[in-house]
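Engineer: This one is work-v1.cif, mmCIF, C-alpha atoms and all ligand atoms.
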data_protein
loop_
_atom_site.label_atom_id
_atom_site.label_comp_id
_atom_site.auth_asym_id
_atom_site.auth_seq_id
_atom_site.Cartn_x
_atom_site.Cartn_y
_atom_site.Cartn_z
CA MET A 167 10.48 -17.25 -25.68
CA SER A 168 13.38 -15.07 -26.76
CA GLN A 169 11.00 -13.24 -29.08
CA PHE A 170 8.81 -12.41 -26.10
CA GLN A 171 11.85 -11.23 -24.11
CA GLY A 172 13.11 -9.19 -27.06
CA LEU A 173 9.80 -7.45 -27.75
CA ILE A 174 9.14 -6.62 -24.10
CA THR A 175 12.67 -5.32 -23.56
CA HIS A 176 12.64 -3.28 -26.77
CA TRP A 177 9.30 -1.75 -25.79
CA TYR A 178 10.73 -0.95 -22.34
CA HIS A 179 13.73 0.93 -23.69
CA GLN A 180 11.42 3.08 -25.78
CA ASN A 181 8.69 3.70 -23.22
CA LYS A 182 10.05 3.42 -19.71
CA ARG A 183 9.58 6.15 -17.16
CA ASP A 184 12.69 7.61 -15.54
CA LEU A 185 12.24 6.66 -11.92
CA PRO A 186 14.88 7.20 -9.24
CA TRP A 187 14.92 3.59 -8.01
CA ARG A 188 15.78 2.39 -11.51
CA ILE A 189 19.17 4.05 -11.56
CA THR A 190 20.58 2.27 -8.56
CA ASN A 191 21.53 -1.22 -7.49
CA ASN A 192 21.51 -0.31 -3.80
CA PRO A 193 19.31 -2.99 -2.18
CA TYR A 194 18.12 -0.62 0.54
CA VAL A 195 16.82 1.93 -1.97
CA ILE A 196 15.25 -0.79 -4.11
CA TRP A 197 13.56 -2.37 -1.12
CA LEU A 198 12.26 0.99 0.09
CA SER A 199 10.76 1.77 -3.30
CA GLU A 200 9.19 -1.69 -3.61
CA ILE A 201 7.48 -1.50 -0.21
CA ILE A 202 6.24 2.05 -0.81
CA LEU A 203 4.92 1.19 -4.26
CA GLN A 204 2.95 -1.90 -3.26
CA GLN A 205 -0.74 -1.18 -3.89
CA THR A 206 0.22 2.42 -4.66
CA ARG A 207 0.47 4.31 -7.93
CA VAL A 208 3.91 5.62 -8.87
CA GLU A 209 2.73 9.26 -8.86
CA GLN A 210 1.40 8.86 -5.34
CA GLY A 211 4.37 6.87 -4.06
CA LEU A 212 7.18 9.01 -5.50
CA PRO A 213 7.02 11.87 -2.95
CA TYR A 214 6.93 9.33 -0.11
CA PHE A 215 9.95 7.55 -1.54
CA GLN A 216 11.82 10.86 -1.68
CA LYS A 217 10.78 11.74 1.86
CA PHE A 218 11.89 8.37 3.23
CA GLN A 219 15.21 8.56 1.42
CA GLN A 220 15.78 11.98 2.91
CA HIS A 221 14.69 11.14 6.46
CA TYR A 222 16.21 7.64 6.55
CA PRO A 223 19.11 7.64 4.08
CA ASN A 224 20.27 4.17 5.04
CA ILE A 225 19.07 1.05 6.80
CA ASN A 226 20.69 1.98 10.13
CA GLU A 227 18.84 5.29 10.25
CA LEU A 228 15.57 3.56 9.51
CA ALA A 229 16.13 0.78 12.05
CA SER A 230 16.93 3.25 14.84
CA ALA A 231 14.05 5.62 14.02
CA ASP A 232 11.04 6.01 16.26
CA GLU A 233 8.04 4.06 14.98
CA GLN A 234 5.81 7.09 15.47
CA ASP A 235 8.02 9.18 13.16
CA ILE A 236 7.88 6.45 10.53
CA LEU A 237 4.09 6.24 10.77
CA ASN A 238 3.90 10.02 10.59
CA ASP A 239 5.96 10.03 7.40
CA TRP A 240 3.80 7.24 6.02
CA GLN A 241 0.58 9.10 6.71
CA GLY A 242 -1.72 9.22 3.70
CA LEU A 243 -0.20 6.19 2.00
CA GLY A 244 -2.55 3.67 3.66
CA TYR A 245 -1.88 0.03 4.50
CA TYR A 246 0.08 0.99 7.60
CA SER A 247 1.15 -2.59 8.25
CA ARG A 248 3.66 -1.99 5.44
CA ALA A 249 5.25 0.84 7.43
CA ARG A 250 5.45 -1.26 10.58
CA ASN A 251 6.94 -4.17 8.63
CA LEU A 252 9.41 -1.80 7.00
CA HIS A 253 10.65 -0.85 10.44
CA LYS A 254 10.74 -4.48 11.64
CA THR A 255 12.68 -5.64 8.59
CA ALA A 256 15.17 -2.78 8.93
CA LYS A 257 15.82 -3.81 12.53
CA GLU A 258 16.33 -7.43 11.47
CA VAL A 259 18.78 -6.50 8.73
CA VAL A 260 20.76 -4.43 11.23
CA GLU A 261 20.63 -6.96 14.06
CA ILE A 262 21.07 -10.22 12.15
CA TYR A 263 22.95 -9.12 9.02
CA LYS A 264 24.90 -6.20 10.51
CA GLY A 265 23.13 -3.72 8.24
CA VAL A 266 23.99 -5.52 4.99
CA PHE A 267 21.09 -6.88 2.95
CA PRO A 268 21.30 -10.60 2.14
CA SER A 269 22.14 -11.01 -1.54
CA THR A 270 20.11 -14.04 -2.58
CA TYR A 271 16.41 -14.65 -3.12
CA ASN A 272 16.30 -17.49 -0.57
CA GLU A 273 18.05 -15.48 2.15
CA LEU A 274 15.93 -12.40 1.50
CA LEU A 275 12.78 -14.47 1.93
CA LYS A 276 13.77 -15.23 5.52
CA LEU A 277 13.26 -11.59 6.49
CA THR A 278 9.95 -10.56 8.04
CA GLY A 279 7.90 -8.49 5.66
CA ILE A 280 9.73 -9.66 2.54
CA GLY A 281 7.60 -11.99 0.43
CA PRO A 282 8.40 -13.71 -2.87
CA TYR A 283 7.71 -10.61 -4.95
CA THR A 284 9.94 -8.24 -2.98
CA ALA A 285 12.67 -10.87 -2.61
CA ALA A 286 12.69 -11.40 -6.39
CA ALA A 287 12.78 -7.65 -7.02
CA ILE A 288 15.76 -7.06 -4.71
CA ALA A 289 17.60 -10.21 -5.83
CA SER A 290 17.28 -9.34 -9.51
CA PHE A 291 17.58 -5.52 -9.45
CA ALA A 292 20.37 -5.29 -6.89
CA PHE A 293 22.24 -8.58 -7.33
CA GLY A 294 21.41 -9.73 -10.86
CA GLU A 295 19.84 -13.03 -9.78
CA ALA A 296 17.60 -14.52 -12.47
CA LYS A 297 14.45 -14.65 -10.38
CA ALA A 298 11.20 -13.49 -11.94
CA VAL A 299 9.01 -10.94 -10.19
CA VAL A 300 5.34 -11.85 -10.29
CA ASP A 301 3.15 -8.91 -9.32
CA GLY A 302 -0.33 -7.90 -10.48
CA ASN A 303 1.09 -6.45 -13.69
CA VAL A 304 2.97 -9.63 -14.53
CA TYR A 305 -0.07 -11.81 -13.82
CA ARG A 306 -2.11 -9.69 -16.19
CA VAL A 307 0.41 -9.63 -19.02
CA LEU A 308 1.13 -13.37 -18.89
CA SER A 309 -2.51 -14.37 -18.49
CA ARG A 310 -3.33 -12.39 -21.62
CA VAL A 311 -0.36 -13.15 -23.83
CA PHE A 312 -0.71 -16.89 -23.11
CA ASP A 313 -4.50 -16.75 -22.60
CA ILE A 314 -4.32 -18.63 -19.31
CA GLU A 315 -7.62 -19.67 -17.76
CA GLU A 316 -6.18 -20.74 -14.45
CA ALA A 317 -7.13 -18.48 -11.54
CA ILE A 318 -4.26 -16.29 -10.34
CA ASP A 319 -5.44 -16.53 -6.72
CA SER A 320 -5.49 -20.35 -6.59
CA THR A 321 -2.51 -22.27 -5.23
CA GLN A 322 -2.05 -24.12 -8.50
CA GLY A 323 -2.50 -20.93 -10.52
CA LYS A 324 0.20 -19.15 -8.54
CA LYS A 325 2.59 -22.03 -9.21
CA THR A 326 1.78 -22.04 -12.93
CA PHE A 327 2.44 -18.31 -13.27
CA GLU A 328 5.61 -18.41 -11.23
CA LEU A 329 6.94 -21.29 -13.29
CA LEU A 330 6.09 -19.57 -16.57
CA ALA A 331 7.55 -16.25 -15.42
CA ASN A 332 10.80 -17.96 -14.46
CA GLU A 333 10.96 -19.77 -17.79
CA LEU A 334 10.52 -16.51 -19.66
CA ILE A 335 13.03 -14.42 -17.72
CA ASP A 336 16.10 -13.25 -19.59
CA LYS A 337 18.85 -15.00 -17.62
CA LYS A 338 21.49 -12.58 -18.87
CA ASN A 339 19.54 -9.42 -18.03
CA PRO A 340 17.05 -10.35 -15.31
CA ALA A 341 16.85 -6.83 -13.88
CA ILE A 342 15.96 -5.19 -17.18
CA TYR A 343 13.56 -7.96 -18.12
CA ASN A 344 11.73 -7.79 -14.77
CA GLN A 345 11.45 -4.01 -14.98
CA ALA A 346 10.27 -4.30 -18.56
CA ILE A 347 7.40 -6.71 -17.98
CA MET A 348 6.16 -4.76 -14.94
CA GLU A 349 6.33 -1.47 -16.82
CA PHE A 350 4.58 -3.05 -19.79
CA GLY A 351 1.72 -4.10 -17.51
CA ALA A 352 1.60 -0.68 -15.84
CA LEU A 353 1.55 1.39 -19.04
CA GLN A 354 0.55 -0.74 -22.03
CA CYS A 355 -1.37 -3.85 -20.99
CA VAL A 356 -3.43 -2.02 -18.37
CA PRO A 357 -6.45 -3.59 -16.61
CA VAL A 358 -9.11 -1.69 -18.55
CA ASN A 359 -8.76 -0.71 -22.22
CA PRO A 360 -5.23 -2.00 -22.86
CA ASN A 361 -3.55 -0.32 -25.79
CA CYS A 362 -3.76 -3.37 -28.08
CA ASN A 363 -3.76 -1.37 -31.31
CA ALA A 364 -0.25 -0.12 -30.67
CA CYS A 365 1.03 -3.23 -28.93
CA PRO A 366 4.21 -4.94 -30.12
CA LEU A 367 2.89 -8.26 -28.74
CA GLN A 368 -0.38 -8.14 -30.64
CA PHE A 369 0.58 -11.01 -32.97
CA GLN A 370 1.74 -13.20 -30.09
CA CYS A 371 -1.09 -12.33 -27.74
CA LEU A 372 -3.50 -15.26 -27.55
CA ALA A 373 -6.13 -13.38 -25.55
CA TYR A 374 -6.16 -10.72 -28.29
CA GLN A 375 -6.67 -13.39 -30.93
CA ASN A 376 -9.26 -15.28 -28.87
CA LYS A 377 -11.03 -12.07 -27.79
CA THR A 378 -10.73 -12.97 -24.12
CA ILE A 379 -8.77 -9.92 -22.95
CA THR A 380 -11.49 -8.65 -20.62
CA GLU A 381 -11.72 -12.10 -19.01
CA ARG A 382 -8.00 -12.23 -18.17
CA PRO A 383 -6.66 -12.63 -15.58
CA VAL A 384 -9.15 -15.03 -13.97
CA LYS A 385 -9.79 -14.73 -10.24
CA SER A 386 -11.62 -17.45 -8.33
CA LYS A 387 -12.49 -15.78 -5.09
CA LYS A 388 -14.51 -12.69 -4.60
CA THR A 389 -13.10 -10.59 -1.78
CA LYS A 390 -15.54 -10.48 1.11
CA VAL A 391 -16.04 -6.89 2.18
CA ARG A 392 -16.97 -6.25 5.79
CA SER A 393 -18.97 -3.13 6.71
CA ARG A 394 -18.12 -1.30 9.92
CA TYR A 395 -19.95 1.60 11.56
CA PHE A 396 -17.92 4.15 13.47
CA VAL A 397 -18.62 7.25 15.51
CA TYR A 398 -15.59 9.29 16.50
CA LEU A 399 -16.11 11.54 19.49
CA ILE A 400 -14.22 14.78 19.45
CA GLU A 401 -14.33 15.69 23.09
CA PHE A 402 -13.24 19.09 24.29
CA THR A 403 -11.96 19.16 27.81
CA ALA A 404 -12.38 22.08 30.18
CA ASN A 405 -8.91 23.26 29.05
CA LYS A 406 -10.07 23.30 25.44
CA THR A 407 -7.86 20.43 24.52
CA ILE A 408 -8.96 17.35 22.62
CA ARG A 409 -8.49 13.71 23.41
CA ILE A 410 -6.79 11.17 21.26
CA GLU A 411 -5.87 7.54 21.78
CA LYS A 412 -3.51 5.10 20.14
CA ARG A 413 -4.98 2.10 18.32
CA LYS A 414 -3.36 -0.85 19.99
CA GLU A 415 -5.32 -3.76 18.60
CA LYS A 416 -4.12 -5.64 15.55
CA GLY A 417 -5.87 -4.84 12.30
CA ILE A 418 -6.36 -1.60 10.47
CA TRP A 419 -4.36 1.43 11.59
CA GLN A 420 -2.51 -0.31 14.40
CA HIS A 421 -0.37 2.24 16.34
CA LEU A 422 -2.03 5.22 14.69
CA TYR A 423 -3.89 7.82 16.72
CA GLN A 424 -7.58 8.61 16.60
CA PHE A 425 -10.34 10.42 18.45
CA PRO A 426 -12.09 8.10 20.91
CA LEU A 427 -14.11 5.69 18.82
CA ILE A 428 -17.34 3.80 19.30
CA GLU A 429 -18.06 1.00 16.87
CA PHE A 430 -21.54 -0.36 16.15
CA ASP A 431 -22.69 -3.65 14.69
CA SER A 432 -25.22 -2.12 12.33
CA ILE A 433 -26.19 1.17 10.76
CA GLU A 434 -29.46 1.13 12.76
CA GLU A 435 -27.59 0.90 16.06
CA LYS A 436 -25.33 3.72 15.02
CA ARG A 437 -28.25 5.95 13.99
CA ALA A 438 -30.07 5.30 17.27
CA TYR A 439 -26.92 6.31 19.17
CA LEU A 440 -26.45 9.50 17.17
CA ASN A 441 -30.14 10.44 17.60
CA GLY A 442 -29.74 10.34 21.36
CA LEU A 443 -26.36 12.08 21.44
CA LYS A 444 -26.08 15.63 22.83
CA SER A 445 -23.76 17.21 20.35
CA ASP A 446 -23.06 20.63 18.86
CA PHE A 447 -22.07 19.08 15.60
CA ILE A 448 -22.39 15.74 13.87
CA SER A 449 -20.64 15.40 10.56
CA LYS A 450 -21.97 13.79 7.41
CA GLU A 451 -21.16 10.11 7.12
CA TYR A 452 -17.77 9.43 5.55
CA LYS A 453 -17.45 6.25 3.52
CA HIS A 454 -13.91 4.95 3.51
CA ILE A 455 -13.06 1.91 1.43
CA LEU A 456 -10.20 -0.41 2.31
CA SER A 457 -9.33 -3.66 0.58
CA HIS A 458 -11.51 -5.89 2.79
CA GLN A 459 -13.60 -3.38 4.68
CA GLN A 460 -15.82 -0.42 4.08
CA LEU A 461 -16.11 2.01 6.93
CA PHE A 462 -19.03 4.32 7.55
CA ALA A 463 -17.73 6.96 9.92
CA SER A 464 -19.33 9.99 11.54
CA PHE A 465 -17.66 12.55 13.76
CA ALA A 466 -19.46 14.17 16.67
CA ILE A 467 -18.18 17.15 18.62
CA VAL A 468 -19.16 16.78 22.25
CA ASN A 469 -18.33 18.43 25.53
CA GLN A 470 -16.29 16.64 28.11
CA ARG A 471 -18.09 13.49 29.18
CA ASN A 472 -15.70 11.34 31.13
CA GLU A 473 -12.31 11.73 32.73
CA THR A 474 -9.43 11.20 30.37
CA SER A 475 -8.43 7.56 30.69
CA GLU A 476 -4.88 6.29 31.05
CA SER A 477 -4.76 5.20 27.45
CA GLN A 478 -5.76 8.65 26.19
CA LEU A 479 -3.80 11.82 25.63
CA GLU A 480 -5.01 15.38 25.98
CA ILE A 481 -3.51 17.64 23.37
CA ALA A 482 -4.12 20.99 21.73
CA LEU A 483 -5.66 20.69 18.29
CA SER A 484 -2.55 22.29 16.80
CA GLU A 485 -0.44 19.43 18.16
CA LEU A 486 -2.40 16.81 16.29
CA SER A 487 -0.07 17.04 13.29
CA ASN A 488 2.68 15.52 15.46
CA TYR A 489 0.73 12.26 15.61
CA PRO A 490 0.17 9.80 12.77
CA ILE A 491 -3.56 9.57 12.08
CA PRO A 492 -5.59 7.62 9.49
CA ARG A 493 -6.42 9.33 6.23
CA LEU A 494 -10.11 9.16 7.13
CA ILE A 495 -9.61 11.46 10.14
CA ASP A 496 -7.32 13.69 8.17
CA LYS A 497 -10.04 14.09 5.55
CA PHE A 498 -12.61 15.05 8.17
CA LEU A 499 -10.21 17.63 9.65
CA GLU A 500 -9.51 19.10 6.23
CA ASP A 501 -13.25 19.59 5.77
CA HIS A 502 -13.98 20.96 9.23
CA VAL A 503 -10.92 22.53 10.80
CA ASP A 504 -12.51 25.99 10.83
CA ARG A 505 -15.60 24.72 12.60
CA ILE A 506 -13.53 22.94 15.22
CA ASN A 507 -11.32 25.97 15.80
CA GLU A 508 -14.44 28.12 16.21
CA LEU A 509 -15.75 25.80 18.91
CA LEU A 510 -12.43 25.86 20.65
CA VAL A 511 -12.41 29.62 20.92
CA PHE A 512 -15.91 30.03 22.36
S1 LIG B 1 -2.39 -7.16 -27.38
FE1 LIG B 1 -3.49 -6.09 -25.78
S2 LIG B 1 -3.93 -7.64 -24.26
FE2 LIG B 1 -2.34 -8.46 -25.58
S3 LIG B 1 -0.44 -7.93 -24.57
FE3 LIG B 1 -0.86 -6.30 -26.00
S4 LIG B 1 -1.97 -4.78 -24.81
FE4 LIG B 1 -2.02 -6.69 -23.65
#
Could you express the structure from this file as structure tokens?
Structural biologist:
Amino acid sequence: MSQFQGLITHWYHQNKRDLPWRITNNPYVIWLSEIILQQTRVEQGLPYFQKFQQHYPNINELASADEQDILNDWQGLGYYSRARNLHKTAKEVVEIYKGVFPSTYNELLKLTGIGPYTAAAIASFAFGEAKAVVDGNVYRVLSRVFDIEEAIDSTQGKKTFELLANELIDKKNPAIYNQAIMEFGALQCVPVNPNCNACPLQFQCLAYQNKTITERPVKSKKTKVRSRYFVYLIEFTANKTIRIEKRKEKGIWQHLYQFPLIEFDSIEEKRAYLNGLKSDFISKEYKHILSHQQLFASFAIVNQRNETSESQLEIALSELSNYPIPRLIDKFLEDHVDRINELLVF
């Protein structure tokens, strides 16, 4: 066990990346970085982390911020529920804990939006509690080094990995150890083509010896992916403004803005609708992949059809950047902004 700790920690000191959230024990900064980096690569998350630190330098500033500003700052990072939870948690810390983060794993877990992983990260990095973090990187490293066949997405499997991770943690240096095993998974024992030839754990690694690396970690369930068919209508009003609406329903992109949207049950239905639509411009179909959904979206520019409803806003195209919008719409605008501007002028 101590050999495993020693090798991982030694590797970490030689290979770690210098990242701003590693040089602090401020729980707010650590929490911010952890939420931003979930399901996000470090290179992509870093500028967002810097922006959030600048715009919301402490928990009080974040709690009192307008949700729309937070979503705007989050734009492009995806998984917007994280941004909404970030705001909710900040408010809770301010209202219940007077702006001071709880300092133990068990107390942290009581906060909305803080699960076992984030609680362990804050408790160990900020407060030195010996609580193991178990993220995707840790699952992968442990499943390979110990050649574990148990599925990481089963209830029993989760327990097994959590137990093992907490047995392995260096009780004297939990923060360094946790950082080390995550970094090892992110840089060395990567999902595809891990760098086994230059791996300090090669002699301990059972999956390496048993040639089962590509089969680890084991997952039992296949994620069901739902297909959805969208047509966004870009409607110009008589004043040459466009209409947008806020997504109110729960699910993807809640509280973000979009062009009025029609959703179809099948690709055939969507095609039939587009064939009958009077439009100056229909875009190519954009395929947008989310964790459990794949979206097939087209954009049609149309002249004013109906009165603007109460739930819609009429804005100039140039004002759109003041509203948080999904990356999918942003991508379409990047591709077609000239065309839209042209239509606005004539
Ligand atoms: S030997 Fe390969 S699979 Fe095993 S821990 Fe090292 S990098 Fe990962």
Engineer: To test the calculation: enclose all listed atoms of ligand LIG 1 (chain B) in a box whose edges run along x, y and z, add 8 Å on each side, then state centre and edge lengths in Å to one decimal, as JSON.
Structural biologist:
{"center_x": -2.2, "center_y": -6.6, "center_z": -25.5, "size_x": 19.5, "size_y": 19.7, "size_z": 19.7}
Engineer: What does the structure give for the distance between atom CA of Ile225 of chain A and atom CA of Ala296 of chain A, in Å to one decimal?
Structural biologist: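 Distance between the two atoms: 24.8 Å.
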Engineer: So how far away is atom CA of Ser309 of chain A from atom CA of Arg382 of chain A, in Å?
Structural biologist: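 Spanning atom CA of Arg382 of chain A to atom CA of Ser309 of chain A is a straight-line distance of 5.9 Å.
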Engineer: Which one of A:Ile481, A:Leu443, A:Ala466, A:Ile174 sits closest to Gly351 of chain A if you count only C-alpha atoms?
Structural biologist: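 Going through A:Ile481, A:Leu443, A:Ala466, A:Ile174 one by one, the smallest distance to Gly351 of chain A is for A:Ile174.
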Engineer: Using only C-alpha atoms and all ligand atoms, find each protein or nucleic acid residue lying at most 7 Å from ligand LIG 1 (chain B); present the set as a ChimeraX atom specification.
Structural biologist: /A:307,310-311,354-355,360-362,365-368,371,373-374,379
Engineer: Kindly provide the residues of segment 208-257 of chain A that approach segment 274-284 of chain A to within 9 Å, each paired with its closest atom pair and their distance in Å to one decimal, based on only C-alpha atoms, listed by chain and increasing number, as JSON lines.
Structural biologist:
{"residue": "A:Arg248", "atom": "CA", "partner": "A:Gly279", "partner_atom": "CA", "distance": 7.8}
{"residue": "A:Asn251", "atom": "CA", "partner": "A:Gly279", "partner_atom": "CA", "distance": 5.3}
{"residue": "A:Leu252", "atom": "CA", "partner": "A:Gly279", "partner_atom": "CA", "distance": 7.0}
{"residue": "A:Lys254", "atom": "CA", "partner": "A:Thr278", "partner_atom": "CA", "distance": 7.1}
{"residue": "A:Thr255", "atom": "CA", "partner": "A:Thr278", "partner_atom": "CA", "distance": 5.7}
Engineer: Identify which of the residues A:Pro492, A:Ser290, A:Trp187, A:Ser168 lies closest to His421 of chain A, counting only C-alpha atoms when measuring atom-to-atom distances.
Structural biologist: A:Pro492
Engineer: Could you tell me which of A:Lys297, A:His176, A:Lys414, A:Lys453 comes closest to Asn344 of chain A if we count all atoms listed in the file?
Structural biologist: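 The shortest atom-to-atom distance to Asn344 of chain A comes from A:Lys297.
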Engineer: Determine, counting all atoms listed in the file, which protein, DNA and RNA residues have an atom within 12 Å of an atom of segment 324-330 of chain A; residues of the same chain fewer than 6 positions away are not included. Present the result as a PyMOL selection string.
Structural biologist: chain A and resi 167+282-283+286+297-318+383-386
Engineer: If you keep C-alpha atoms, can you produce a file of those selected residues as a PDB file, keeping the file's coordinate frame?
Structural biologist:
ATOM      1  CA  MET A 167      10.480 -17.250 -25.680  1.00  0.00           C
ATOM      2  CA  PRO A 282       8.400 -13.710  -2.870  1.00  0.00           C
ATOM      3  CA  TYR A 283       7.710 -10.610  -4.950  1.00  0.00           C
ATOM      4  CA  ALA A 286      12.690 -11.400  -6.390  1.00  0.00           C
ATOM      5  CA  LYS A 297      14.450 -14.650 -10.380  1.00  0.00           C
ATOM      6  CA  ALA A 298      11.200 -13.490 -11.940  1.00  0.00           C
ATOM      7  CA  VAL A 299       9.010 -10.940 -10.190  1.00  0.00           C
ATOM      8  CA  VAL A 300       5.340 -11.850 -10.290  1.00  0.00           C
ATOM      9  CA  ASP A 301       3.150  -8.910  -9.320  1.00  0.00           C
ATOM     10  CA  GLY A 302      -0.330  -7.900 -10.480  1.00  0.00           C
ATOM     11  CA  ASN A 303       1.090  -6.450 -13.690  1.00  0.00           C
ATOM     12  CA  VAL A 304       2.970  -9.630 -14.530  1.00  0.00           C
ATOM     13  CA  TYR A 305      -0.070 -11.810 -13.820  1.00  0.00           C
ATOM     14  CA  ARG A 306      -2.110  -9.690 -16.190  1.00  0.00           C
ATOM     15  CA  VAL A 307       0.410  -9.630 -19.020  1.00  0.00           C
ATOM     16  CA  LEU A 308       1.130 -13.370 -18.890  1.00  0.00           C
ATOM     17  CA  SER A 309      -2.510 -14.370 -18.490  1.00  0.00           C
ATOM     18  CA  ARG A 310      -3.330 -12.390 -21.620  1.00  0.00           C
ATOM     19  CA  VAL A 311      -0.360 -13.150 -23.830  1.00  0.00           C
ATOM     20  CA  PHE A 312      -0.710 -16.890 -23.110  1.00  0.00           C
ATOM     21  CA  ASP A 313      -4.500 -16.750 -22.600  1.00  0.00           C
ATOM     22  CA  ILE A 314      -4.320 -18.630 -19.310  1.00  0.00           C
ATOM     23  CA  GLU A 315      -7.620 -19.670 -17.760  1.00  0.00           C
ATOM     24  CA  GLU A 316      -6.180 -20.740 -14.450  1.00  0.00           C
ATOM     25  CA  ALA A 317      -7.130 -18.480 -11.540  1.00  0.00           C
ATOM     26  CA  ILE A 318      -4.260 -16.290 -10.340  1.00  0.00           C
ATOM     27  CA  PRO A 383      -6.660 -12.630 -15.580  1.00  0.00           C
ATOM     28  CA  VAL A 384      -9.150 -15.030 -13.970  1.00  0.00           C
ATOM     29  CA  LYS A 385      -9.790 -14.730 -10.240  1.00  0.00           C
ATOM     30  CA  SER A 386     -11.620 -17.450  -8.330  1.00  0.00           C
TER      31      SER A 386
END
Engineer: Using only C-alpha atoms, tabulate the residues of segment 324-391 of chain A lying at most 12 Å from any atom of segment 191-213 of chain A, each with its closest atom pair and that distance in Å to one decimal, by chain and increasing residue number, as a Markdown table.
Structural biologist:
| residue | atom | partner | partner_atom | distance |
| --- | --- | --- | --- | --- |
| A:Ala341 | CA | A:Asn191 | CA | 9.7 |
| A:Ile342 | CA | A:Asn191 | CA | 11.9 |
| A:Gln345 | CA | A:Glu200 | CA | 11.8 |
| A:Glu349 | CA | A:Val208 | CA | 10.9 |
| A:Ala352 | CA | A:Arg207 | CA | 9.4 |
| A:Leu353 | CA | A:Val208 | CA | 11.3 |
Engineer: If I put a ball of radius 8 Å at (11.0, 6.4, 3.3) in the file's coordinates, which residues poke into it when counting all atoms listed in the file, written as a PDB file with C-alpha atoms, in the frame of the given file?
Structural biologist:
ATOM      1  CA  LEU A 198      12.260   0.990   0.090  1.00  0.00           C
ATOM      2  CA  ILE A 202       6.240   2.050  -0.810  1.00  0.00           C
ATOM      3  CA  TYR A 214       6.930   9.330  -0.110  1.00  0.00           C
ATOM      4  CA  PHE A 215       9.950   7.550  -1.540  1.00  0.00           C
ATOM      5  CA  GLN A 216      11.820  10.860  -1.680  1.00  0.00           C
ATOM      6  CA  LYS A 217      10.780  11.740   1.860  1.00  0.00           C
ATOM      7  CA  PHE A 218      11.890   8.370   3.230  1.00  0.00           C
ATOM      8  CA  GLN A 219      15.210   8.560   1.420  1.00  0.00           C
ATOM      9  CA  GLN A 220      15.780  11.980   2.910  1.00  0.00           C
ATOM     10  CA  HIS A 221      14.690  11.140   6.460  1.00  0.00           C
ATOM     11  CA  TYR A 222      16.210   7.640   6.550  1.00  0.00           C
ATOM     12  CA  ILE A 236       7.880   6.450  10.530  1.00  0.00           C
ATOM     13  CA  ASP A 239       5.960  10.030   7.400  1.00  0.00           C
ATOM     14  CA  TRP A 240       3.800   7.240   6.020  1.00  0.00           C
TER      15      TRP A 240
END
Engineer: Taking only C-alpha atoms into account, name the residue in A:Asp319, A:Glu227, A:Glu473, A:Asp184 that is nearest to Glu401 of chain A.
Structural biologist: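 Closest to Glu401 of chain A, using only C-alpha atoms: A:Glu473.
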Engineer: Go through A:Leu422, A:Val266, A:Val397, A:Ala346 and flag the residue nearest Leu237 of chain A, using only C-alpha atoms for the distances.
Structural biologist: A:Leu422
Engineer: Kindly indicate which residue among A:Ala331, A:Ile467, A:Ile418, A:Val260 lies nearest to Ser445 of chain A, using all atoms listed in the file for the distances.
Structural biologist: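 Checking each of A:Ala331, A:Ile467, A:Ile418, A:Val260 against Ser445 of chain A, counting all atoms listed in the file, the winner is A:Ile467.
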Engineer: Can you work out the spacing between atom CA of His458 of chain A and atom CA of Asn488 of chain A in Å, to one decimal?
Structural biologist: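 Taking atom CA of His458 of chain A and atom CA of Asn488 of chain A, their separation equals 28.6 Å.
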Engineer: Kindly extract all protein, DNA and RNA residues lying within 8 Å of the coordinates (-8.5, 4.0, 21.1) given in the file, considering all atoms listed in the file, and supply them as a list in words.
Structural biologist: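 Output: Ile410, Glu411, Lys412, Arg413, Lys414, Tyr423, Gln424, Phe425, Pro426, Leu427, Ser477 and Gln478 of chain A.
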